[in-house]
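Source file: query_38.pdb; contents: PDB, C-alpha atoms.
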ATOM      1  CA  MET A 223     171.334  74.635 154.769  1.00  0.00           C
ATOM      2  CA  ILE A 224     168.004  72.895 154.893  1.00  0.00           C
ATOM      3  CA  ASP A 225     166.339  71.014 157.763  1.00  0.00           C
ATOM      4  CA  VAL A 226     165.316  67.498 156.820  1.00  0.00           C
ATOM      5  CA  VAL A 227     162.960  65.645 159.145  1.00  0.00           C
ATOM      6  CA  TYR A 228     161.814  62.020 159.106  1.00  0.00           C
ATOM      7  CA  PHE A 229     158.813  60.308 160.653  1.00  0.00           C
ATOM      8  CA  ALA A 230     157.594  56.795 161.421  1.00  0.00           C
ATOM      9  CA  TRP A 231     159.480  53.962 159.655  1.00  0.00           C
ATOM     10  CA  VAL A 232     161.452  56.441 157.549  1.00  0.00           C
ATOM     11  CA  ARG A 233     162.887  57.867 160.786  1.00  0.00           C
ATOM     12  CA  GLU A 234     163.609  54.362 162.089  1.00  0.00           C
ATOM     13  CA  ARG A 235     165.243  53.191 158.871  1.00  0.00           C
ATOM     14  CA  ILE A 236     167.476  56.254 158.578  1.00  0.00           C
ATOM     15  CA  GLY A 237     168.162  56.201 162.303  1.00  0.00           C
ATOM     16  CA  LEU A 238     167.581  59.849 163.166  1.00  0.00           C
ATOM     17  CA  PRO A 239     164.629  62.212 163.434  1.00  0.00           C
ATOM     18  CA  GLN A 240     166.181  65.321 161.933  1.00  0.00           C
ATOM     19  CA  GLU A 241     169.341  66.672 160.346  1.00  0.00           C
ATOM     20  CA  GLN A 242     170.672  69.744 158.611  1.00  0.00           C
ATOM     21  CA  ILE A 243     171.872  69.218 155.082  1.00  0.00           C
ATOM     22  CA  GLU A 244     174.029  71.397 152.878  1.00  0.00           C
ATOM     23  CA  THR A 245     172.520  70.980 149.458  1.00  0.00           C
ATOM     24  CA  LYS A 246     172.251  72.560 146.042  1.00  0.00           C
ATOM     25  CA  ALA A 247     169.260  70.367 145.153  1.00  0.00           C
ATOM     26  CA  LYS A 248     166.698  72.230 143.077  1.00  0.00           C
ATOM     27  CA  THR A 249     163.778  69.883 143.709  1.00  0.00           C
ATOM     28  CA  VAL A 250     162.691  67.384 146.340  1.00  0.00           C
ATOM     29  CA  MET A 251     163.674  64.575 143.953  1.00  0.00           C
ATOM     30  CA  ASP A 252     167.202  66.024 143.595  1.00  0.00           C
ATOM     31  CA  LEU A 253     167.478  65.997 147.387  1.00  0.00           C
ATOM     32  CA  VAL A 254     166.238  62.396 147.530  1.00  0.00           C
ATOM     33  CA  ASN A 255     168.905  61.381 145.007  1.00  0.00           C
ATOM     34  CA  GLU A 256     171.621  63.184 146.999  1.00  0.00           C
ATOM     35  CA  LEU A 257     170.512  61.416 150.179  1.00  0.00           C
ATOM     36  CA  ARG A 258     170.373  58.019 148.475  1.00  0.00           C
ATOM     37  CA  ALA A 259     173.958  58.435 147.299  1.00  0.00           C
ATOM     38  CA  LYS A 260     175.076  59.264 150.847  1.00  0.00           C
ATOM     39  CA  GLU A 261     174.723  55.926 152.641  1.00  0.00           C
ATOM     40  CA  PRO A 262     172.983  52.577 152.163  1.00  0.00           C
ATOM     41  CA  ARG A 263     170.449  53.260 154.942  1.00  0.00           C
ATOM     42  CA  TYR A 264     169.205  56.315 152.996  1.00  0.00           C
ATOM     43  CA  ASP A 265     169.187  54.325 149.791  1.00  0.00           C
ATOM     44  CA  ALA A 266     167.038  51.682 151.511  1.00  0.00           C
ATOM     45  CA  ALA A 267     164.639  54.216 153.035  1.00  0.00           C
ATOM     46  CA  PHE A 268     164.088  55.993 149.715  1.00  0.00           C
ATOM     47  CA  ALA A 269     164.122  52.904 147.491  1.00  0.00           C
ATOM     48  CA  ASP A 270     160.378  53.046 146.791  1.00  0.00           C
ATOM     49  CA  ILE A 271     159.276  56.648 146.394  1.00  0.00           C
ATOM     50  CA  SER A 272     155.660  55.571 145.860  1.00  0.00           C
ATOM     51  CA  ALA A 273     155.638  54.433 149.520  1.00  0.00           C
ATOM     52  CA  LEU A 274     156.642  57.916 150.705  1.00  0.00           C
ATOM     53  CA  ARG A 275     155.079  61.324 151.112  1.00  0.00           C
ATOM     54  CA  VAL A 276     156.836  64.677 151.397  1.00  0.00           C
ATOM     55  CA  ALA A 277     156.038  68.029 152.991  1.00  0.00           C
ATOM     56  CA  VAL A 278     157.851  71.256 152.132  1.00  0.00           C
ATOM     57  CA  ASP A 279     157.654  73.789 154.973  1.00  0.00           C
ATOM     58  CA  GLN A 280     154.829  71.804 156.605  1.00  0.00           C
ATOM     59  CA  GLU A 281     152.675  71.617 153.452  1.00  0.00           C
ATOM     60  CA  LEU A 282     152.190  68.380 151.514  1.00  0.00           C
ATOM     61  CA  ALA A 283     154.083  68.569 148.227  1.00  0.00           C
ATOM     62  CA  ASP A 284     155.069  66.509 145.207  1.00  0.00           C
ATOM     63  CA  PHE A 285     158.521  65.061 144.620  1.00  0.00           C
ATOM     64  CA  ASP A 286     159.064  67.471 141.733  1.00  0.00           C
ATOM     65  CA  ALA A 287     158.376  70.483 143.993  1.00  0.00           C
ATOM     66  CA  PRO A 288     161.103  73.160 143.893  1.00  0.00           C
ATOM     67  CA  LEU A 289     163.260  73.692 146.994  1.00  0.00           C
ATOM     68  CA  ALA A 290     164.023  77.387 146.401  1.00  0.00           C
ATOM     69  CA  GLY A 291     163.445  79.237 149.684  1.00  0.00           C
ATOM     70  CA  ALA A 292     162.330  76.078 151.517  1.00  0.00           C
ATOM     71  CA  ARG A 293     163.509  75.679 155.120  1.00  0.00           C
ATOM     72  CA  GLU A 294     162.193  72.280 156.167  1.00  0.00           C
ATOM     73  CA  ILE A 295     161.591  69.133 154.156  1.00  0.00           C
ATOM     74  CA  ALA A 296     159.812  66.202 155.810  1.00  0.00           C
ATOM     75  CA  PHE A 297     159.720  62.620 154.546  1.00  0.00           C
ATOM     76  CA  PHE A 298     157.235  60.091 155.888  1.00  0.00           C
ATOM     77  CA  PRO A 299     155.004  57.156 154.949  1.00  0.00           C
ATOM     78  CA  PRO A 300     151.348  57.717 153.975  1.00  0.00           C
ATOM     79  CA  MET A 301     149.547  59.118 156.989  1.00  0.00           C
ATOM     80  CA  THR A 302     147.370  56.985 159.246  1.00  0.00           C
ATOM     81  CA  GLY A 303     145.415  59.386 161.425  1.00  0.00           C
ATOM     82  CA  GLY A 304     141.844  59.164 162.637  1.00  0.00           C
TER      83      GLY A 304
ATOM     84  CA  MET B 233     136.382  76.097 165.081  1.00  0.00           C
ATOM     85  CA  ASP B 234     138.112  74.288 167.947  1.00  0.00           C
ATOM     86  CA  ILE B 235     141.197  72.204 167.026  1.00  0.00           C
ATOM     87  CA  ARG B 236     143.201  70.397 169.691  1.00  0.00           C
ATOM     88  CA  VAL B 237     146.239  68.139 169.310  1.00  0.00           C
ATOM     89  CA  GLN B 238     147.146  66.659 172.664  1.00  0.00           C
ATOM     90  CA  ALA B 239     148.726  63.741 174.521  1.00  0.00           C
ATOM     91  CA  GLU B 240     146.177  63.912 177.349  1.00  0.00           C
ATOM     92  CA  PRO B 241     142.987  61.831 177.350  1.00  0.00           C
ATOM     93  CA  PHE B 242     139.649  63.590 176.827  1.00  0.00           C
ATOM     94  CA  ASP B 243     136.091  62.918 177.921  1.00  0.00           C
ATOM     95  CA  ALA B 244     134.105  62.564 174.691  1.00  0.00           C
ATOM     96  CA  GLY B 245     130.757  62.922 176.479  1.00  0.00           C
ATOM     97  CA  ALA B 246     131.769  66.099 178.294  1.00  0.00           C
ATOM     98  CA  GLU B 247     133.253  67.517 175.094  1.00  0.00           C
ATOM     99  CA  LEU B 248     130.046  66.800 173.203  1.00  0.00           C
ATOM    100  CA  ASN B 249     127.943  68.496 175.905  1.00  0.00           C
ATOM    101  CA  THR B 250     130.154  71.589 175.830  1.00  0.00           C
ATOM    102  CA  PHE B 251     130.079  71.635 172.035  1.00  0.00           C
ATOM    103  CA  SER B 252     126.286  71.333 171.938  1.00  0.00           C
ATOM    104  CA  ALA B 253     125.564  73.941 174.616  1.00  0.00           C
ATOM    105  CA  GLY B 254     124.213  77.230 173.289  1.00  0.00           C
ATOM    106  CA  LEU B 255     123.849  76.216 169.657  1.00  0.00           C
ATOM    107  CA  GLN B 256     120.340  77.662 169.151  1.00  0.00           C
ATOM    108  CA  ASP B 257     120.767  77.993 165.378  1.00  0.00           C
ATOM    109  CA  SER B 258     121.827  74.381 164.900  1.00  0.00           C
ATOM    110  CA  GLY B 259     119.210  71.694 164.524  1.00  0.00           C
ATOM    111  CA  ALA B 260     121.846  68.968 164.217  1.00  0.00           C
ATOM    112  CA  VAL B 261     125.037  67.913 165.965  1.00  0.00           C
ATOM    113  CA  VAL B 262     126.972  64.886 164.727  1.00  0.00           C
ATOM    114  CA  SER B 263     129.973  63.457 166.547  1.00  0.00           C
ATOM    115  CA  PHE B 264     132.420  60.637 165.987  1.00  0.00           C
ATOM    116  CA  THR B 265     134.844  59.198 168.540  1.00  0.00           C
ATOM    117  CA  GLY B 266     137.721  56.942 167.491  1.00  0.00           C
ATOM    118  CA  ILE B 267     138.807  54.327 170.042  1.00  0.00           C
ATOM    119  CA  VAL B 268     141.995  52.219 170.183  1.00  0.00           C
ATOM    120  CA  ARG B 269     140.843  48.774 169.054  1.00  0.00           C
ATOM    121  CA  ASP B 270     142.469  45.607 170.381  1.00  0.00           C
ATOM    122  CA  VAL B 271     143.845  43.342 167.653  1.00  0.00           C
ATOM    123  CA  ALA B 272     144.955  39.701 167.671  1.00  0.00           C
ATOM    124  CA  PRO B 273     147.053  38.373 169.310  1.00  0.00           C
ATOM    125  CA  GLY B 274     146.739  41.211 171.807  1.00  0.00           C
ATOM    126  CA  LEU B 275     147.556  44.903 171.623  1.00  0.00           C
ATOM    127  CA  LYS B 276     149.596  46.397 174.429  1.00  0.00           C
ATOM    128  CA  ALA B 277     149.425  49.967 173.161  1.00  0.00           C
ATOM    129  CA  MET B 278     148.956  52.117 170.082  1.00  0.00           C
ATOM    130  CA  GLU B 279     151.738  54.605 169.607  1.00  0.00           C
ATOM    131  CA  ILE B 280     150.782  57.689 167.621  1.00  0.00           C
ATOM    132  CA  GLU B 281     153.557  59.813 166.189  1.00  0.00           C
ATOM    133  CA  HIS B 282     152.860  63.205 164.623  1.00  0.00           C
ATOM    134  CA  TYR B 283     154.575  66.180 163.006  1.00  0.00           C
ATOM    135  CA  PRO B 284     154.159  68.858 165.677  1.00  0.00           C
ATOM    136  CA  SER B 285     154.782  71.942 163.538  1.00  0.00           C
ATOM    137  CA  MET B 286     152.414  70.725 160.808  1.00  0.00           C
ATOM    138  CA  THR B 287     149.611  68.864 162.595  1.00  0.00           C
ATOM    139  CA  ALA B 288     147.359  71.669 163.863  1.00  0.00           C
ATOM    140  CA  LYS B 289     147.863  73.627 160.632  1.00  0.00           C
ATOM    141  CA  ALA B 290     146.860  70.636 158.489  1.00  0.00           C
ATOM    142  CA  ILE B 291     143.778  69.936 160.618  1.00  0.00           C
ATOM    143  CA  LYS B 292     142.717  73.598 160.461  1.00  0.00           C
ATOM    144  CA  ALA B 293     142.972  73.504 156.671  1.00  0.00           C
ATOM    145  CA  ILE B 294     140.817  70.338 156.553  1.00  0.00           C
ATOM    146  CA  ALA B 295     138.216  71.831 158.924  1.00  0.00           C
ATOM    147  CA  GLY B 296     138.267  75.061 156.907  1.00  0.00           C
ATOM    148  CA  GLU B 297     137.554  73.097 153.737  1.00  0.00           C
ATOM    149  CA  ALA B 298     134.603  71.415 155.495  1.00  0.00           C
ATOM    150  CA  GLN B 299     133.265  74.858 156.474  1.00  0.00           C
ATOM    151  CA  THR B 300     133.536  75.986 152.859  1.00  0.00           C
ATOM    152  CA  ARG B 301     131.606  72.966 151.601  1.00  0.00           C
ATOM    153  CA  TRP B 302     128.842  72.864 154.220  1.00  0.00           C
ATOM    154  CA  ALA B 303     127.038  75.487 156.269  1.00  0.00           C
ATOM    155  CA  LEU B 304     128.515  74.588 159.647  1.00  0.00           C
ATOM    156  CA  ASN B 305     127.906  76.589 162.801  1.00  0.00           C
ATOM    157  CA  ASN B 306     130.810  74.943 164.608  1.00  0.00           C
ATOM    158  CA  VAL B 307     133.486  72.264 164.179  1.00  0.00           C
ATOM    159  CA  LEU B 308     135.489  70.432 166.854  1.00  0.00           C
ATOM    160  CA  VAL B 309     138.508  68.194 166.232  1.00  0.00           C
ATOM    161  CA  ILE B 310     140.518  66.589 169.045  1.00  0.00           C
ATOM    162  CA  HIS B 311     143.347  64.218 168.097  1.00  0.00           C
ATOM    163  CA  ARG B 312     145.753  62.579 170.538  1.00  0.00           C
ATOM    164  CA  TYR B 313     149.320  61.401 170.137  1.00  0.00           C
ATOM    165  CA  GLY B 314     151.674  59.295 172.259  1.00  0.00           C
ATOM    166  CA  LEU B 315     151.071  55.868 173.813  1.00  0.00           C
ATOM    167  CA  LEU B 316     147.413  54.900 174.042  1.00  0.00           C
ATOM    168  CA  ALA B 317     145.982  51.775 175.669  1.00  0.00           C
ATOM    169  CA  PRO B 318     143.259  49.628 174.040  1.00  0.00           C
ATOM    170  CA  GLY B 319     139.869  51.185 174.738  1.00  0.00           C
ATOM    171  CA  ALA B 320     141.261  54.711 175.033  1.00  0.00           C
ATOM    172  CA  PRO B 321     139.804  57.475 172.880  1.00  0.00           C
ATOM    173  CA  ILE B 322     142.164  58.504 170.057  1.00  0.00           C
ATOM    174  CA  MET B 323     140.227  61.351 168.522  1.00  0.00           C
ATOM    175  CA  MET B 324     136.843  62.920 168.050  1.00  0.00           C
ATOM    176  CA  VAL B 325     135.127  65.227 165.613  1.00  0.00           C
ATOM    177  CA  ALA B 326     131.873  67.084 166.076  1.00  0.00           C
ATOM    178  CA  THR B 327     129.951  69.215 163.601  1.00  0.00           C
ATOM    179  CA  ALA B 328     126.951  71.490 164.115  1.00  0.00           C
ATOM    180  CA  SER B 329     124.641  72.625 161.356  1.00  0.00           C
ATOM    181  CA  SER B 330     121.055  73.687 160.771  1.00  0.00           C
ATOM    182  CA  HIS B 331     120.176  70.302 159.285  1.00  0.00           C
ATOM    183  CA  ARG B 332     121.464  66.791 159.754  1.00  0.00           C
ATOM    184  CA  SER B 333     122.597  66.068 156.194  1.00  0.00           C
ATOM    185  CA  ALA B 334     125.287  68.766 156.310  1.00  0.00           C
ATOM    186  CA  ALA B 335     126.393  67.763 159.825  1.00  0.00           C
ATOM    187  CA  PHE B 336     126.697  64.073 158.845  1.00  0.00           C
ATOM    188  CA  ALA B 337     128.443  64.786 155.537  1.00  0.00           C
ATOM    189  CA  ALA B 338     130.917  67.210 157.103  1.00  0.00           C
ATOM    190  CA  ALA B 339     131.799  64.761 159.908  1.00  0.00           C
ATOM    191  CA  ASP B 340     132.311  61.994 157.338  1.00  0.00           C
ATOM    192  CA  PHE B 341     134.486  64.296 155.195  1.00  0.00           C
ATOM    193  CA  LEU B 342     136.562  65.321 158.239  1.00  0.00           C
ATOM    194  CA  MET B 343     137.179  61.683 159.172  1.00  0.00           C
ATOM    195  CA  ASP B 344     138.262  60.730 155.645  1.00  0.00           C
ATOM    196  CA  TYR B 345     140.688  63.639 155.431  1.00  0.00           C
ATOM    197  CA  LEU B 346     142.049  63.296 158.972  1.00  0.00           C
ATOM    198  CA  LYS B 347     142.825  59.658 158.226  1.00  0.00           C
ATOM    199  CA  SER B 348     144.931  60.333 155.125  1.00  0.00           C
ATOM    200  CA  ARG B 349     145.966  64.002 155.158  1.00  0.00           C
ATOM    201  CA  ALA B 350     146.746  64.858 158.791  1.00  0.00           C
ATOM    202  CA  PRO B 351     150.355  63.958 159.718  1.00  0.00           C
ATOM    203  CA  PHE B 352     149.811  61.112 162.176  1.00  0.00           C
ATOM    204  CA  TRP B 353     151.339  57.634 162.045  1.00  0.00           C
ATOM    205  CA  LYS B 354     150.103  54.683 164.096  1.00  0.00           C
ATOM    206  CA  LYS B 355     152.275  51.898 165.413  1.00  0.00           C
ATOM    207  CA  GLU B 356     150.801  48.799 167.016  1.00  0.00           C
ATOM    208  CA  ILE B 357     152.804  47.524 169.974  1.00  0.00           C
ATOM    209  CA  MET B 358     151.762  43.965 170.735  1.00  0.00           C
ATOM    210  CA  ARG B 359     151.865  42.149 174.065  1.00  0.00           C
ATOM    211  CA  ASP B 360     154.350  39.653 172.628  1.00  0.00           C
ATOM    212  CA  GLY B 361     156.842  42.480 172.042  1.00  0.00           C
ATOM    213  CA  GLN B 362     156.370  42.798 168.275  1.00  0.00           C
ATOM    214  CA  SER B 363     155.553  46.196 166.877  1.00  0.00           C
ATOM    215  CA  THR B 364     154.443  47.255 163.409  1.00  0.00           C
ATOM    216  CA  TRP B 365     153.550  50.492 161.676  1.00  0.00           C
ATOM    217  CA  VAL B 366     149.964  50.505 160.498  1.00  0.00           C
ATOM    218  CA  ASP B 367     149.869  50.687 156.696  1.00  0.00           C
ATOM    219  CA  ALA B 368     147.626  53.165 154.940  1.00  0.00           C
ATOM    220  CA  LYS B 369     144.970  51.368 152.876  1.00  0.00           C
ATOM    221  CA  ALA B 370     144.088  51.945 149.241  1.00  0.00           C
ATOM    222  CA  THR B 371     140.479  52.259 150.397  1.00  0.00           C
ATOM    223  CA  ASP B 372     141.514  55.339 152.430  1.00  0.00           C
ATOM    224  CA  GLU B 373     142.521  57.110 149.213  1.00  0.00           C
ATOM    225  CA  ASP B 374     139.333  55.921 147.497  1.00  0.00           C
ATOM    226  CA  ALA B 375     137.395  57.489 150.363  1.00  0.00           C
ATOM    227  CA  LEU B 376     138.982  60.866 149.563  1.00  0.00           C
ATOM    228  CA  ASN B 377     138.178  60.595 145.874  1.00  0.00           C
ATOM    229  CA  ARG B 378     134.463  60.371 146.489  1.00  0.00           C
ATOM    230  CA  TRP B 379     134.527  63.933 147.881  1.00  0.00           C
ATOM    231  CA  SER B 380     135.969  65.360 144.692  1.00  0.00           C
ATOM    232  CA  ALA B 381     133.312  63.482 142.700  1.00  0.00           C
ATOM    233  CA  THR B 382     130.241  64.519 144.705  1.00  0.00           C
ATOM    234  CA  SER B 383     131.348  67.999 145.902  1.00  0.00           C
ATOM    235  CA  ASP B 384     128.690  69.701 148.037  1.00  0.00           C
ATOM    236  CA  SER B 385     125.505  68.419 146.510  1.00  0.00           C
ATOM    237  CA  ASP B 386     123.978  67.588 149.887  1.00  0.00           C
ATOM    238  CA  THR B 387     124.272  70.832 151.848  1.00  0.00           C
TER     239      THR B 387
END
Would you give me this structure, written as C-alpha cells?
Amino acid sequence: MIDVVYFAWVRERIGLPQEQIETKAKTVMDLVNELRAKEPRYDAAFADISALRVAVDQELADFDAPLAGAREIAFFPPMTGG
Amino acid sequence: MDIRVQAEPFDAGAELNTFSAGLQDSGAVVSFTGIVRDVAPGLKAMEIEHYPSMTAKAIKAIAGEAQTRWALNNVLVIHRYGLLAPGAPIMMVATASSHRSAAFAAADFLMDYLKSRAPFWKKEIMRDGQSTWVDAKATDEDALNRWSATSDSDT
C-alpha cells in the first residue's frame, strides 16, 4: 500500500486529497499509468505530465523515480510560493 | 536559522527588529516582505494551499543551500497559508551577513527558490465569485537557472 496525495487543481480534478493505493508500480510513471487507467477523472488530471510535479516521501522527484520503499507520493502543479 | 510556516498574520516590522537585534558581527541585514496584491476586477482573497509534511523541510533545505553559498550569520523565513485578504503579508525573508552583497544575493536566491521549489499553491478568489489557480511562470524557472550559472561569485 502506498499513500497518494494531491494538491491544488490536481486535488480538485481528481476529487479527493488523499488515498491509499495497492500497487505493484515500479516507478512514478508506472503509478501514473495505473491511475490513468482507473477512471476518466484520473486520466484527465494526468493527461499532461509536463504540467505536473511529483514528490516521493516529501522530496521532489522525477517521473522515472523508483517507488521501492516509498510511502507517500504527491502529485501537484508547479509550485507558486513566495 | 528560523523557519516558520503558519496561518497567523505576522508583523514584518517587529520581526525585522527582533532579527536585527544583537547581530554585532553583521554589517548588513536585508529583508523582503511579500504582500497579497489586488488584481482586476477585484480580489476577495488569496488562498494558499501547502503540503504540511513537506513545507518546512523544503524551506530548510533552501535556506541551508543559501547558507552554503553565502556567509550568512542568520536567516529568517516566514510563509503563511490559508485565506489571506488583499494587503495582508504573505511571507518574509531576512538575511544577515557581514557585507551587503551577500545579504542581498542570499535574499534574492531565497525568494527565487521559495517561489518555485517550496510546496505552496496560490488560488485567487475574486469578488465576482470566480476563482483560479495562479500559474507558475516560465520566468520563475529562468530565475532559478541564473543561480546555477553564477554560483557564489559575489560572496
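Interface residues of chain A facing chain B, defined by any atom at most 7 Å away and using all atoms listed in the file, are A:Ala230, A:Gln280, A:Pro300, A:Met301, A:Thr302, A:Gly303, A:Gly304.
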## Note on the structure
In Å and to one decimal, atom CA of Leu304 of chain B is distant from atom CA of His331 of chain B by 9.4 Å
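Residues in contact range of Lys292 of chain B, defined as at most 9 Å between all atoms listed in the file, with sequence neighbours fewer than 6 positions away removed, read Met233, Asp234, Ile235 and Val309 of chain B.
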### Task
Apply the PyMOL selection byres ((chain A and resi 276) around 8) to the structure shown and report the selected residues as a ChimeraX atom specification.
/A:274-275,277-278,282-285,295-298
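The space between atom CA of Phe251 of chain B and atom CA of Leu316 of chain B spans 24.2 Å.
Comparing the minimum interatomic distances between Gln240 of chain A and each of A:Ala292, A:Ala267, A:Val226, A:Ala287, counting only C-alpha atoms, we find that A:Val226 sits nearest.
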The PyMOL selection byres ((chain A and resi 239) around 6) resolved against shown file, as a tab-separated table (two decimals) with C-alpha atoms, in the frame of the given file:
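Saved file part_29.tsv follows:
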chain	number	residue	atom	x	y	z
A	227	VAL	CA	162.96	65.64	159.15
A	228	TYR	CA	161.81	62.02	159.11
A	233	ARG	CA	162.89	57.87	160.79
A	238	LEU	CA	167.58	59.85	163.17
A	240	GLN	CA	166.18	65.32	161.93
### Message
Taking 3 positions as the minimum chain separation for residues in the same chain, which residues sit within 10 Å of segment 253-264 of chain A when counting all atoms listed in the file? Answer as a PyMOL selection string.
### Response
chain A and resi 226+232+234-237+243+245-250+267-269+271+285+289+295+297
### Point-to-point distance from atom CA of Thr371 of chain B to atom CA of Ala337 of chain B, Å rounded to tenths
18.1 Å
How big is the axis-aligned box around all listed atoms of segment 238-251 of chain A once 5 Å goes on each side, and where's its centre, in Å to one decimal, as AutoDock Vina command-line options?
--center_x 168.4 --center_y 66.2 --center_z 153.3 --size_x 21.3 --size_y 22.7 --size_z 30.4
#### Entry: Contacts of Ser363 of chain B at 12 Å (all atoms listed in the file; same-chain gap of 5+ positions) as a list in words
Trp231 of chain A; Pro273, Gly274, Leu275, Lys276, Ala277, Met278, Glu279, Lys354, Lys355, Glu356, Ile357 and Met358 of chain B
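Against this structure, the PyMOL selection byres ((chain B and resi 305) around 9) ends up with Met233, Leu255, Asp257, Ser258, Gln299, Ala303, Leu304, Asn306, Val307, Thr327, Ala328, Ser329 and Ser330 of chain B.
With distances restricted to only C-alpha atoms, B:Val268 is the closest residue to Ala317 of chain B from B:Ala370, B:Ala253, B:Val268, B:Leu376.
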### Query
Between B:Asp360, B:Glu373, B:Trp379, B:Gly319, which has the minimum distance to Phe341 of chain B (counting all atoms listed in the file)?
B:Trp379
